[in-house]
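J.: To start, I am sharing the structure in question, which I have written as structure tokens.
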2 protein chains.
Amino acid sequence: MDKELVVGYIGLGLMGKPIACNILKAGFQVVVYNRSRSKMQELIDKGALEGTSPADVTKQSDIVFTNLPDSPDVLKVALGPNGIVEGTHPGLVFIDNSTIKPAAARQISEALLTRGVLCLDAPVSGGDIGAQQGTLTIMVGGPKEALDKAYPVLKVIGKKITHVGGSGAGQIAKAANQIMVAAQMVAMGELLILSQKAGADPAKVIEAICSGAAQCWTLDNKPHRLFDGNRSPGFKAYMQAKDLGIVMDTAKEYGVVLPSTAVNTQLFNAMLEMGMRELDNSAVIGVIESLCGTKLGE
Amino acid sequence: MDKELVVGYIGLGLMGKPIACNILKAGFQVVVYNRSRSKMQELIDKGALEGTSPADVTKQSDIVFTNLPDSPDVLKVALGPNGIVEGTHPGLVFIDNSTIKPAAARQISEALLTRGVLCLDAPVSGGDIGAQQGTLTIMVGGPKEALDKAYPVLKVIGKKITHVGGSGAGQIAKAANQIMVAAQMVAMGELLILSQKAGADPAKVIEAICSGAAQCWTLDNKPHRLFDGNRSPGFKAYMQAKDLGIVMDTAKEYGVVLPSTAVNTQLFNAMLEMGMRELDNSAVIGVIESLCGTKLGE
């Protein structure tokens, strides 16, 4: 039976911890590992086993997940000393929930395939709330047989699972997602400040445009938070900037020119330099405010 | 009774003609004027009266509309020789359905107010199909008493009518709308080309991201047209470029810096120079294709 699968989960951060909790709650046996040991305790208290290294977790698991900050972290945990590569065994599936470069996902997949391991890149969107509620969107790249095996586990962490294509395709979809999200966030900031400085009530402008051709998730969800003075995450600015760095690196790697995303990347990078790294990505309006010498609501 | 209102309509283009038709169909008496006489015939055949000039239409009307290409056209028809200003009378309401500069709308409103005329700037969105079906979004700036008087007419041409604020506020909302629409169109082009060149199926990528934080009207409505090779309007590129010109002029006028919209404006301007002026605004992907030496679907 599916529930007899042993699932390893490495990286218990803002996203990884609630995802691992949901896998545990669904009845799978879970083995966890996190570099700072304290983050494991909550899961151990709920019945998870403790691994001593990524290799150790991997040895005990049928499916092993990672959820780490950036490409170098996943490369190290997958292919480095005491990494997943040192715990592989027949039938193992490796799934990375991190957002990393498509090229890094492909490199890991190729390296582990030589040991008979099938890999899925499976970045998610939906934030910490989606992770807690098990309602993430999961963008999957890699062989279908690995997805079929992992499906019972993936369906407890996400409500929409799309098999985008071969190795790296999940990360490409995530990069595409971040291009659109960044564009909406910046456009919202620009249009709110233009509205205010030109003499209209920004809230009335949003009301007028929100259900036409400008309609989007961002205008549906973010303006009322900004009007209330709430710029807390949500999705942190430095994570958005990191993801846009992946987009621009990937664009360069594959010969793609992205004029508008290049500017949006700079605006999110500015947030980091301006002391806004821990704010919500919608707080990119703060960069526009600064450029225009004004504040929303003043 | 409302239906006893006589409505003048000046400018029977792609948008103006179907709007005037709907007003006529709703039972109002309609007087029309268009610079090229041939465009009036269809409405005259349906029972509209023919005006000999904007001043003449205005003399016969309780409410007079304009629907013209750009700010200078509206300024001339409103305030120039044989213009609306020469046909004013007590109780007249002037409504401009064109998309023009907020500052131009304010200038007209101030000039006509000295003759006792109340003005509304009432740009629309929803395209020629929305105009035909009477389902436009109407963004209204100007005095509420003028909106109250015009409401019975406006409600036959639009399904969502928002009173954004005083004179010019409707045009500011339209500018805001175009900032977001342009951002979505360009981001869609960039993410589709990145997906393809990096090795993923663009259609699968759209499927994966369309219902998460990237969701928007543009991704809901445009990708399947592009996958089918359909780049016909819709909303023409040169109109999008013109509207973005208004946005950037307005930004400069009111001391607003719009880094991302500035780039998007350049990309739509490029469409005009590259022979794509008559294509849909989603065809801005053609500029990205050109920059990247590729074509979607190849």
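Residues in the structure tokens are named by chain (A, B, ... in the order shown) and by number from 1 within that chain; ligands are numbered from 1 in the order shown.
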If we count only C-alpha atoms and set the cut-off at 12 Å, which residues sit around Leu112 (chain B), ignoring sequence neighbours fewer than 5 positions away in its own chain? Please answer as an mmCIF file with N, CA and C atoms, in the first residue's frame.
T.:
data_model
loop_
_atom_site.group_PDB
_atom_site.id
_atom_site.type_symbol
_atom_site.label_atom_id
_atom_site.label_comp_id
_atom_site.auth_asym_id
_atom_site.auth_seq_id
_atom_site.Cartn_x
_atom_site.Cartn_y
_atom_site.Cartn_z
ATOM 1 N N LEU B 75 -9.878 67.885 -27.801
ATOM 2 C CA LEU B 75 -9.741 69.324 -27.522
ATOM 3 C C LEU B 75 -10.340 70.154 -28.659
ATOM 4 N N ALA B 78 -14.203 69.719 -28.841
ATOM 5 C CA ALA B 78 -14.876 70.320 -27.688
ATOM 6 C C ALA B 78 -14.775 71.840 -27.710
ATOM 7 N N LEU B 79 -13.567 72.338 -27.967
ATOM 8 C CA LEU B 79 -13.311 73.767 -27.738
ATOM 9 C C LEU B 79 -13.005 74.552 -29.009
ATOM 10 N N GLY B 80 -12.854 73.879 -30.153
ATOM 11 C CA GLY B 80 -12.467 74.559 -31.392
ATOM 12 C C GLY B 80 -13.660 75.157 -32.138
ATOM 13 N N GLY B 83 -17.193 73.730 -32.620
ATOM 14 C CA GLY B 83 -17.112 72.675 -31.613
ATOM 15 C C GLY B 83 -18.272 72.737 -30.634
ATOM 16 N N ILE B 84 -18.201 71.839 -29.676
ATOM 17 C CA ILE B 84 -19.257 71.729 -28.661
ATOM 18 C C ILE B 84 -19.470 73.062 -27.956
ATOM 19 N N VAL B 85 -18.373 73.750 -27.718
ATOM 20 C CA VAL B 85 -18.439 75.033 -27.008
ATOM 21 C C VAL B 85 -19.358 76.043 -27.708
ATOM 22 N N GLU B 86 -19.554 75.875 -29.003
ATOM 23 C CA GLU B 86 -20.420 76.812 -29.736
ATOM 24 C C GLU B 86 -21.886 76.380 -29.755
ATOM 25 N N GLY B 87 -22.194 75.256 -29.129
ATOM 26 C CA GLY B 87 -23.592 74.806 -29.114
ATOM 27 C C GLY B 87 -24.151 74.629 -27.717
ATOM 28 N N THR B 88 -23.422 75.114 -26.711
ATOM 29 C CA THR B 88 -23.841 74.874 -25.320
ATOM 30 C C THR B 88 -25.150 75.577 -24.995
ATOM 31 N N HIS B 89 -25.855 75.007 -24.021
ATOM 32 C CA HIS B 89 -27.122 75.573 -23.546
ATOM 33 C C HIS B 89 -27.356 75.077 -22.128
ATOM 34 N N PRO B 90 -28.230 75.703 -21.371
ATOM 35 C CA PRO B 90 -28.393 75.342 -19.957
ATOM 36 C C PRO B 90 -28.763 73.867 -19.776
ATOM 37 N N GLY B 91 -28.077 73.202 -18.832
ATOM 38 C CA GLY B 91 -28.404 71.807 -18.505
ATOM 39 C C GLY B 91 -27.636 70.784 -19.310
ATOM 40 N N LEU B 92 -26.887 71.231 -20.316
ATOM 41 C CA LEU B 92 -26.118 70.294 -21.150
ATOM 42 C C LEU B 92 -25.084 69.529 -20.304
ATOM 43 N N VAL B 93 -24.963 68.223 -20.579
ATOM 44 C CA VAL B 93 -23.876 67.421 -20.011
ATOM 45 C C VAL B 93 -23.005 66.923 -21.163
ATOM 46 N N PHE B 94 -21.687 67.068 -21.004
ATOM 47 C CA PHE B 94 -20.737 66.580 -22.013
ATOM 48 C C PHE B 94 -19.986 65.378 -21.440
ATOM 49 N N ILE B 95 -19.935 64.297 -22.208
ATOM 50 C CA ILE B 95 -19.266 63.066 -21.761
ATOM 51 C C ILE B 95 -18.280 62.611 -22.830
ATOM 52 N N ALA B 105 -8.578 66.320 -20.167
ATOM 53 C CA ALA B 105 -9.962 66.195 -19.681
ATOM 54 C C ALA B 105 -10.286 67.334 -18.714
ATOM 55 N N ARG B 106 -9.329 67.640 -17.851
ATOM 56 C CA ARG B 106 -9.546 68.713 -16.871
ATOM 57 C C ARG B 106 -9.645 70.075 -17.559
ATOM 58 N N GLN B 107 -8.816 70.266 -18.596
ATOM 59 C CA GLN B 107 -8.839 71.532 -19.336
ATOM 60 C C GLN B 107 -10.199 71.749 -19.994
ATOM 61 N N VAL B 117 -21.696 74.138 -18.409
ATOM 62 C CA VAL B 117 -21.808 72.741 -18.844
ATOM 63 C C VAL B 117 -21.039 71.835 -17.873
ATOM 64 N N LEU B 118 -21.695 70.761 -17.404
ATOM 65 C CA LEU B 118 -21.013 69.765 -16.570
ATOM 66 C C LEU B 118 -20.403 68.691 -17.468
ATOM 67 N N CYS B 119 -19.156 68.321 -17.150
ATOM 68 C CA CYS B 119 -18.423 67.364 -18.003
ATOM 69 C C CYS B 119 -18.065 66.098 -17.229
ATOM 70 N N LEU B 120 -18.104 64.979 -17.933
ATOM 71 C CA LEU B 120 -17.597 63.714 -17.402
ATOM 72 C C LEU B 120 -16.537 63.162 -18.334
ATOM 73 N N SER B 167 -13.122 65.546 -11.979
ATOM 74 C CA SER B 167 -12.689 65.649 -13.372
ATOM 75 C C SER B 167 -11.277 65.095 -13.578
#
J.: Write out as a ChimeraX atom specification which residues come within 10 Å of Asn230 (chain A) when counting only C-alpha atoms, dropping same-chain ones fewer than 5 positions away.
T.: /A:222-225,279-280,282-283
J.: Store the residues of this selection in a file with all heavy atoms, as a PDB file, in the first residue's frame.
T.:
ATOM      1  N   LYS A 222      -3.922  42.073  -3.049  1.00  0.00           N
ATOM      2  CA  LYS A 222      -2.917  42.891  -2.371  1.00  0.00           C
ATOM      3  C   LYS A 222      -3.297  44.351  -2.083  1.00  0.00           C
ATOM      4  O   LYS A 222      -2.797  44.905  -1.091  1.00  0.00           O
ATOM      5  CB  LYS A 222      -1.614  42.867  -3.184  1.00  0.00           C
ATOM      6  CG  LYS A 222      -0.967  41.472  -3.259  1.00  0.00           C
ATOM      7  CD  LYS A 222      -0.445  40.980  -1.924  1.00  0.00           C
ATOM      8  CE  LYS A 222       0.344  39.690  -2.056  1.00  0.00           C
ATOM      9  NZ  LYS A 222       0.886  39.215  -0.776  1.00  0.00           N
ATOM     10  N   PRO A 223      -4.095  45.031  -2.926  1.00  0.00           N
ATOM     11  CA  PRO A 223      -4.285  46.467  -2.667  1.00  0.00           C
ATOM     12  C   PRO A 223      -4.857  46.774  -1.280  1.00  0.00           C
ATOM     13  O   PRO A 223      -4.388  47.697  -0.616  1.00  0.00           O
ATOM     14  CB  PRO A 223      -5.249  46.902  -3.777  1.00  0.00           C
ATOM     15  CG  PRO A 223      -4.990  45.954  -4.894  1.00  0.00           C
ATOM     16  CD  PRO A 223      -4.724  44.630  -4.205  1.00  0.00           C
ATOM     17  N   HIS A 224      -5.833  45.992  -0.798  1.00  0.00           N
ATOM     18  CA  HIS A 224      -6.423  46.331   0.502  1.00  0.00           C
ATOM     19  C   HIS A 224      -5.387  46.233   1.620  1.00  0.00           C
ATOM     20  O   HIS A 224      -5.441  46.989   2.585  1.00  0.00           O
ATOM     21  CB  HIS A 224      -7.650  45.457   0.786  1.00  0.00           C
ATOM     22  CG  HIS A 224      -7.337  44.009   1.003  1.00  0.00           C
ATOM     23  ND1 HIS A 224      -7.166  43.119  -0.042  1.00  0.00           N
ATOM     24  CD2 HIS A 224      -7.132  43.288   2.142  1.00  0.00           C
ATOM     25  CE1 HIS A 224      -6.882  41.920   0.448  1.00  0.00           C
ATOM     26  NE2 HIS A 224      -6.849  41.990   1.761  1.00  0.00           N
ATOM     27  N   ARG A 225      -4.420  45.313   1.480  1.00  0.00           N
ATOM     28  CA  ARG A 225      -3.352  45.224   2.481  1.00  0.00           C
ATOM     29  C   ARG A 225      -2.499  46.500   2.448  1.00  0.00           C
ATOM     30  O   ARG A 225      -2.167  47.063   3.490  1.00  0.00           O
ATOM     31  CB  ARG A 225      -2.452  44.003   2.232  1.00  0.00           C
ATOM     32  CG  ARG A 225      -3.193  42.671   2.333  1.00  0.00           C
ATOM     33  CD  ARG A 225      -2.272  41.508   1.967  1.00  0.00           C
ATOM     34  NE  ARG A 225      -1.544  40.961   3.101  1.00  0.00           N
ATOM     35  CZ  ARG A 225      -0.244  41.052   3.293  1.00  0.00           C
ATOM     36  NH1 ARG A 225       0.525  41.698   2.420  1.00  0.00           N
ATOM     37  NH2 ARG A 225       0.336  40.532   4.348  1.00  0.00           N
ATOM     38  N   LEU A 279      10.123  42.435   3.850  1.00  0.00           N
ATOM     39  CA  LEU A 279       8.718  42.815   3.585  1.00  0.00           C
ATOM     40  C   LEU A 279       8.109  41.926   2.501  1.00  0.00           C
ATOM     41  O   LEU A 279       8.794  41.169   1.829  1.00  0.00           O
ATOM     42  CB  LEU A 279       8.639  44.284   3.162  1.00  0.00           C
ATOM     43  CG  LEU A 279       9.137  45.323   4.179  1.00  0.00           C
ATOM     44  CD1 LEU A 279       8.870  46.739   3.657  1.00  0.00           C
ATOM     45  CD2 LEU A 279       8.467  45.118   5.535  1.00  0.00           C
ATOM     46  N   ASP A 280       6.809  42.046   2.332  1.00  0.00           N
ATOM     47  CA  ASP A 280       6.082  41.322   1.288  1.00  0.00           C
ATOM     48  C   ASP A 280       6.534  41.799  -0.095  1.00  0.00           C
ATOM     49  O   ASP A 280       6.974  42.947  -0.260  1.00  0.00           O
ATOM     50  CB  ASP A 280       4.578  41.599   1.459  1.00  0.00           C
ATOM     51  CG  ASP A 280       3.724  40.690   0.577  1.00  0.00           C
ATOM     52  OD1 ASP A 280       3.948  39.468   0.592  1.00  0.00           O
ATOM     53  OD2 ASP A 280       2.837  41.195  -0.122  1.00  0.00           O
ATOM     54  N   SER A 282       4.695  42.664  -2.456  1.00  0.00           N
ATOM     55  CA  SER A 282       3.864  43.808  -2.864  1.00  0.00           C
ATOM     56  C   SER A 282       4.459  45.133  -2.381  1.00  0.00           C
ATOM     57  O   SER A 282       4.119  46.198  -2.903  1.00  0.00           O
ATOM     58  CB  SER A 282       2.438  43.655  -2.327  1.00  0.00           C
ATOM     59  OG  SER A 282       2.436  43.729  -0.915  1.00  0.00           O
ATOM     60  N   ALA A 283       5.356  45.068  -1.394  1.00  0.00           N
ATOM     61  CA  ALA A 283       5.992  46.276  -0.861  1.00  0.00           C
ATOM     62  C   ALA A 283       7.019  46.856  -1.824  1.00  0.00           C
ATOM     63  O   ALA A 283       7.655  47.870  -1.525  1.00  0.00           O
ATOM     64  CB  ALA A 283       6.641  45.987   0.493  1.00  0.00           C
TER      65      ALA A 283
END
J.: Pick from B:Ala237, B:Val124, B:Ile108, B:Leu296: nearest to Glu273 (chain B), with only C-alpha atoms counted?
T.: B:Ala237
J.: Determine, counting only C-alpha atoms, which protein, DNA and RNA residues have an atom within 10 Å of an atom of Val247 (chain B); residues of the same chain fewer than 5 positions away are not included. Present the result as an mmCIF file with N, CA and C atoms, in the first residue's frame.
T.:
data_model
loop_
_atom_site.group_PDB
_atom_site.id
_atom_site.type_symbol
_atom_site.label_atom_id
_atom_site.label_comp_id
_atom_site.auth_asym_id
_atom_site.auth_seq_id
_atom_site.Cartn_x
_atom_site.Cartn_y
_atom_site.Cartn_z
ATOM 1 N N LEU A 191 0.946 51.873 -10.770
ATOM 2 C CA LEU A 191 -0.375 52.462 -11.046
ATOM 3 C C LEU A 191 -0.980 53.118 -9.809
ATOM 4 N N LEU A 194 0.931 56.509 -9.484
ATOM 5 C CA LEU A 194 0.465 57.430 -10.533
ATOM 6 C C LEU A 194 -0.923 57.955 -10.191
ATOM 7 N N ILE B 100 -7.919 59.843 -23.239
ATOM 8 C CA ILE B 100 -7.038 61.001 -23.455
ATOM 9 C C ILE B 100 -6.303 61.321 -22.158
ATOM 10 N N LYS B 101 -5.461 62.340 -22.211
ATOM 11 C CA LYS B 101 -4.712 62.721 -21.025
ATOM 12 C C LYS B 101 -5.655 63.284 -19.954
ATOM 13 N N PRO B 102 -5.452 62.878 -18.700
ATOM 14 C CA PRO B 102 -6.258 63.458 -17.616
ATOM 15 C C PRO B 102 -6.203 64.987 -17.635
ATOM 16 N N GLN B 171 -9.976 59.240 -16.505
ATOM 17 C CA GLN B 171 -8.795 59.040 -17.362
ATOM 18 C C GLN B 171 -7.606 58.496 -16.576
ATOM 19 N N ILE B 172 -7.490 58.892 -15.311
ATOM 20 C CA ILE B 172 -6.405 58.347 -14.483
ATOM 21 C C ILE B 172 -6.616 56.847 -14.282
ATOM 22 N N LYS B 174 -8.160 54.855 -16.301
ATOM 23 C CA LYS B 174 -7.857 54.186 -17.571
ATOM 24 C C LYS B 174 -6.343 54.044 -17.749
ATOM 25 N N ALA B 175 -5.602 55.079 -17.400
ATOM 26 C CA ALA B 175 -4.131 55.011 -17.465
ATOM 27 C C ALA B 175 -3.619 53.890 -16.567
ATOM 28 N N ALA B 176 -4.169 53.805 -15.357
ATOM 29 C CA ALA B 176 -3.782 52.744 -14.418
ATOM 30 C C ALA B 176 -4.080 51.373 -15.012
ATOM 31 N N ASN B 177 -5.247 51.264 -15.617
ATOM 32 C CA ASN B 177 -5.646 50.007 -16.270
ATOM 33 C C ASN B 177 -4.619 49.610 -17.332
ATOM 34 N N GLN B 178 -4.190 50.565 -18.127
ATOM 35 C CA GLN B 178 -3.264 50.259 -19.216
ATOM 36 C C GLN B 178 -1.866 49.908 -18.705
ATOM 37 N N ILE B 179 -1.472 50.458 -17.555
ATOM 38 C CA ILE B 179 -0.202 50.051 -16.938
ATOM 39 C C ILE B 179 -0.227 48.551 -16.653
ATOM 40 N N ALA B 241 -0.052 51.409 -27.643
ATOM 41 C CA ALA B 241 1.107 52.316 -27.622
ATOM 42 C C ALA B 241 0.658 53.755 -27.357
ATOM 43 N N LYS B 242 -0.448 54.145 -27.983
ATOM 44 C CA LYS B 242 -0.972 55.506 -27.767
ATOM 45 C C LYS B 242 -1.370 55.694 -26.306
ATOM 46 N N LYS B 252 5.004 62.147 -16.297
ATOM 47 C CA LYS B 252 5.946 63.270 -16.299
ATOM 48 C C LYS B 252 5.291 64.527 -15.731
ATOM 49 N N GLU B 253 4.046 64.750 -16.146
ATOM 50 C CA GLU B 253 3.305 65.933 -15.715
ATOM 51 C C GLU B 253 3.138 65.999 -14.200
ATOM 52 N N LEU B 258 8.075 55.784 -13.610
ATOM 53 C CA LEU B 258 7.511 54.452 -13.855
ATOM 54 C C LEU B 258 8.518 53.584 -14.615
ATOM 55 N N THR B 261 6.885 50.453 -16.614
ATOM 56 C CA THR B 261 5.988 50.891 -17.688
ATOM 57 C C THR B 261 6.764 51.607 -18.787
ATOM 58 N N ALA B 262 7.850 52.272 -18.423
ATOM 59 C CA ALA B 262 8.688 52.926 -19.438
ATOM 60 C C ALA B 262 9.224 51.892 -20.422
ATOM 61 N N THR B 265 6.393 50.503 -22.543
ATOM 62 C CA THR B 265 6.021 51.480 -23.572
ATOM 63 C C THR B 265 6.952 51.362 -24.774
#
J.: Between A:Ile288, A:Ile246, A:Ala270, A:Cys21, which is the closest to chain B once you count only C-alpha atoms?
T.: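 Closest candidate: A:Ile288.
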J.: Pick the closest to chain A from B:Asp201, B:Glu298, B:Asp45, B:Asp70: which is it, counting only C-alpha atoms?
T.: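 The shortest atom-to-atom distance to chain A comes from B:Asp201.
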J.: Hey, which of B:Ile206, B:Leu24, B:Val57, B:Ala122 ends up closest to Ile44 (chain B)? Count only C-alpha atoms.
T.: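 Checking each of B:Ile206, B:Leu24, B:Val57, B:Ala122 against Ile44 (chain B), counting only C-alpha atoms, the winner is B:Leu24.
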J.: Skip Gly165 (chain A) itself and residues of its chain fewer than 6 positions away, then list as a list in words all residues within 7 Å of it, counting only C-alpha atoms.
T.: Gly141 and Gly142 of chain A; Ala200 of chain B
J.: Fewer than 3 positions away in the same chain doesn't count, so skip those; otherwise give me all residues within 9 Å of Leu272 (chain A), counting only C-alpha atoms, as a PyMOL selection string.
T.: chain A and resi 237-238+241+268-269+275-278
J.: How would the residues just picked look written out with N, CA and C atoms as a CSV table (one decimal), in the first residue's frame?
T.:
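Writing done, so here's result_12.csv:
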chain,number,residue,atom,x,y,z
A,237,ALA,N,10.3,39.7,0.0
A,237,ALA,CA,11.0,40.4,-1.1
A,237,ALA,C,12.3,39.7,-1.4
A,238,TYR,N,13.1,39.3,-0.5
A,238,TYR,CA,14.4,38.7,-0.8
A,238,TYR,C,14.2,37.4,-1.5
A,241,ALA,N,13.4,38.4,-5.1
A,241,ALA,CA,14.6,38.8,-5.7
A,241,ALA,C,15.5,37.6,-6.1
A,268,PHE,N,13.3,44.8,-7.4
A,268,PHE,CA,13.3,43.9,-6.3
A,268,PHE,C,14.6,43.9,-5.6
A,269,ASN,N,15.7,44.0,-6.4
A,269,ASN,CA,17.0,44.1,-5.8
A,269,ASN,C,17.2,45.3,-5.0
A,275,GLY,N,16.5,48.2,2.6
A,275,GLY,CA,16.1,47.8,4.0
A,275,GLY,C,14.7,47.2,3.9
A,276,MET,N,14.3,46.7,2.8
A,276,MET,CA,12.9,46.1,2.7
A,276,MET,C,12.9,44.6,2.4
A,277,ARG,N,14.1,43.9,2.7
A,277,ARG,CA,14.2,42.5,2.3
A,277,ARG,C,13.2,41.6,2.9
A,278,GLU,N,12.8,41.9,4.2
A,278,GLU,CA,11.8,41.0,4.9
A,278,GLU,C,10.4,41.4,4.6
J.: May I ask for the distance between CA of Ser232 (chain A) and CA of Thr250 (chain A), given in Å to one decimal place?
T.: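 We find that CA of Ser232 (chain A) and CA of Thr250 (chain A) lie 29.0 Å from each other.
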J.: Any chance you could list, as a ChimeraX atom specification, the residues in region 71-167 of chain B that come up strand (DSSP E) when DSSP is run on the backbone?
T.: /B:93-96,118-121,124-125,136-141,158-165
J.: Export N, CA, C and O atoms of the chosen residues as an mmCIF file, in the first residue's frame?
T.:
data_model
loop_
_atom_site.group_PDB
_atom_site.id
_atom_site.type_symbol
_atom_site.label_atom_id
_atom_site.label_comp_id
_atom_site.auth_asym_id
_atom_site.auth_seq_id
_atom_site.Cartn_x
_atom_site.Cartn_y
_atom_site.Cartn_z
ATOM 1 N N VAL B 93 -24.963 68.223 -20.579
ATOM 2 C CA VAL B 93 -23.876 67.421 -20.011
ATOM 3 C C VAL B 93 -23.005 66.923 -21.163
ATOM 4 O O VAL B 93 -23.519 66.428 -22.169
ATOM 5 N N PHE B 94 -21.687 67.068 -21.004
ATOM 6 C CA PHE B 94 -20.737 66.580 -22.013
ATOM 7 C C PHE B 94 -19.986 65.378 -21.440
ATOM 8 O O PHE B 94 -19.451 65.433 -20.333
ATOM 9 N N ILE B 95 -19.935 64.297 -22.208
ATOM 10 C CA ILE B 95 -19.266 63.066 -21.761
ATOM 11 C C ILE B 95 -18.280 62.611 -22.830
ATOM 12 O O ILE B 95 -18.658 62.416 -23.986
ATOM 13 N N ASP B 96 -17.034 62.437 -22.422
ATOM 14 C CA ASP B 96 -16.017 61.972 -23.376
ATOM 15 C C ASP B 96 -15.688 60.508 -23.111
ATOM 16 O O ASP B 96 -15.169 60.166 -22.059
ATOM 17 N N LEU B 118 -21.695 70.761 -17.404
ATOM 18 C CA LEU B 118 -21.013 69.765 -16.570
ATOM 19 C C LEU B 118 -20.403 68.691 -17.468
ATOM 20 O O LEU B 118 -21.042 68.219 -18.405
ATOM 21 N N CYS B 119 -19.156 68.321 -17.150
ATOM 22 C CA CYS B 119 -18.423 67.364 -18.003
ATOM 23 C C CYS B 119 -18.065 66.098 -17.229
ATOM 24 O O CYS B 119 -17.711 66.159 -16.053
ATOM 25 N N LEU B 120 -18.104 64.979 -17.933
ATOM 26 C CA LEU B 120 -17.597 63.714 -17.402
ATOM 27 C C LEU B 120 -16.537 63.162 -18.334
ATOM 28 O O LEU B 120 -16.759 63.093 -19.551
ATOM 29 N N ASP B 121 -15.385 62.776 -17.780
ATOM 30 C CA ASP B 121 -14.483 61.935 -18.564
ATOM 31 C C ASP B 121 -14.877 60.493 -18.249
ATOM 32 O O ASP B 121 -14.968 60.095 -17.088
ATOM 33 N N VAL B 124 -13.531 53.967 -21.556
ATOM 34 C CA VAL B 124 -14.090 52.623 -21.411
ATOM 35 C C VAL B 124 -12.997 51.582 -21.613
ATOM 36 O O VAL B 124 -11.969 51.848 -22.229
ATOM 37 N N SER B 125 -13.245 50.387 -21.106
ATOM 38 C CA SER B 125 -12.434 49.254 -21.544
ATOM 39 C C SER B 125 -13.361 48.076 -21.808
ATOM 40 O O SER B 125 -14.491 48.045 -21.330
ATOM 41 N N LEU B 136 -19.292 47.215 -21.566
ATOM 42 C CA LEU B 136 -18.046 47.928 -21.279
ATOM 43 C C LEU B 136 -17.883 48.210 -19.790
ATOM 44 O O LEU B 136 -18.871 48.286 -19.051
ATOM 45 N N THR B 137 -16.635 48.345 -19.378
ATOM 46 C CA THR B 137 -16.309 48.933 -18.082
ATOM 47 C C THR B 137 -16.143 50.432 -18.319
ATOM 48 O O THR B 137 -15.422 50.836 -19.233
ATOM 49 N N ILE B 138 -16.832 51.253 -17.539
ATOM 50 C CA ILE B 138 -16.760 52.713 -17.720
ATOM 51 C C ILE B 138 -16.189 53.345 -16.459
ATOM 52 O O ILE B 138 -16.692 53.119 -15.358
ATOM 53 N N MET B 139 -15.098 54.100 -16.633
ATOM 54 C CA MET B 139 -14.402 54.745 -15.521
ATOM 55 C C MET B 139 -14.721 56.232 -15.571
ATOM 56 O O MET B 139 -14.318 56.906 -16.513
ATOM 57 N N VAL B 140 -15.455 56.735 -14.573
ATOM 58 C CA VAL B 140 -16.038 58.065 -14.684
ATOM 59 C C VAL B 140 -15.379 59.061 -13.737
ATOM 60 O O VAL B 140 -15.261 58.805 -12.531
ATOM 61 N N GLY B 141 -14.967 60.201 -14.283
ATOM 62 C CA GLY B 141 -14.522 61.329 -13.480
ATOM 63 C C GLY B 141 -15.415 62.531 -13.751
ATOM 64 O O GLY B 141 -15.809 62.746 -14.891
ATOM 65 N N GLY B 158 -22.585 50.125 -20.758
ATOM 66 C CA GLY B 158 -21.594 49.452 -19.910
ATOM 67 C C GLY B 158 -22.249 48.634 -18.821
ATOM 68 O O GLY B 158 -23.344 48.946 -18.377
ATOM 69 N N LYS B 159 -21.528 47.599 -18.377
ATOM 70 C CA LYS B 159 -22.082 46.769 -17.293
ATOM 71 C C LYS B 159 -21.467 47.160 -15.944
ATOM 72 O O LYS B 159 -21.997 46.846 -14.904
ATOM 73 N N LYS B 160 -20.307 47.827 -15.968
ATOM 74 C CA LYS B 160 -19.706 48.268 -14.711
ATOM 75 C C LYS B 160 -19.334 49.736 -14.836
ATOM 76 O O LYS B 160 -18.484 50.099 -15.652
ATOM 77 N N ILE B 161 -19.989 50.559 -14.047
ATOM 78 C CA ILE B 161 -19.768 52.005 -14.090
ATOM 79 C C ILE B 161 -19.254 52.434 -12.726
ATOM 80 O O ILE B 161 -19.947 52.262 -11.724
ATOM 81 N N THR B 162 -18.027 52.934 -12.666
ATOM 82 C CA THR B 162 -17.451 53.346 -11.385
ATOM 83 C C THR B 162 -17.172 54.843 -11.397
ATOM 84 O O THR B 162 -16.483 55.349 -12.288
ATOM 85 N N HIS B 163 -17.724 55.544 -10.408
ATOM 86 C CA HIS B 163 -17.418 56.966 -10.243
ATOM 87 C C HIS B 163 -16.118 57.079 -9.455
ATOM 88 O O HIS B 163 -16.093 56.918 -8.239
ATOM 89 N N VAL B 164 -15.036 57.341 -10.177
ATOM 90 C CA VAL B 164 -13.701 57.298 -9.570
ATOM 91 C C VAL B 164 -13.412 58.559 -8.759
ATOM 92 O O VAL B 164 -12.749 58.500 -7.722
ATOM 93 N N GLY B 165 -13.913 59.699 -9.221
ATOM 94 C CA GLY B 165 -13.651 60.951 -8.518
ATOM 95 C C GLY B 165 -13.973 62.148 -9.401
ATOM 96 O O GLY B 165 -14.769 62.040 -10.338
#
J.: Could you please determine the separation between CA of Thr99 (chain B) and CA of Asp243 (chain B) in Å, to one decimal place?
T.: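 Between these atoms lies a distance of 7.1 Å.
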J.: Using only C-alpha atoms, which of the listed residues (B:Val74, B:Ala208, B:Val257, B:Met185) sits closest to Val287 (chain B)?
T.: B:Met185
J.: Counting only C-alpha atoms, figure out which residue out of B:Met15, B:Val77, B:Val284, B:Val205 gets nearest to chain A.
T.: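 Comparing B:Met15, B:Val77, B:Val284, B:Val205 against chain A, the winner is B:Val205.
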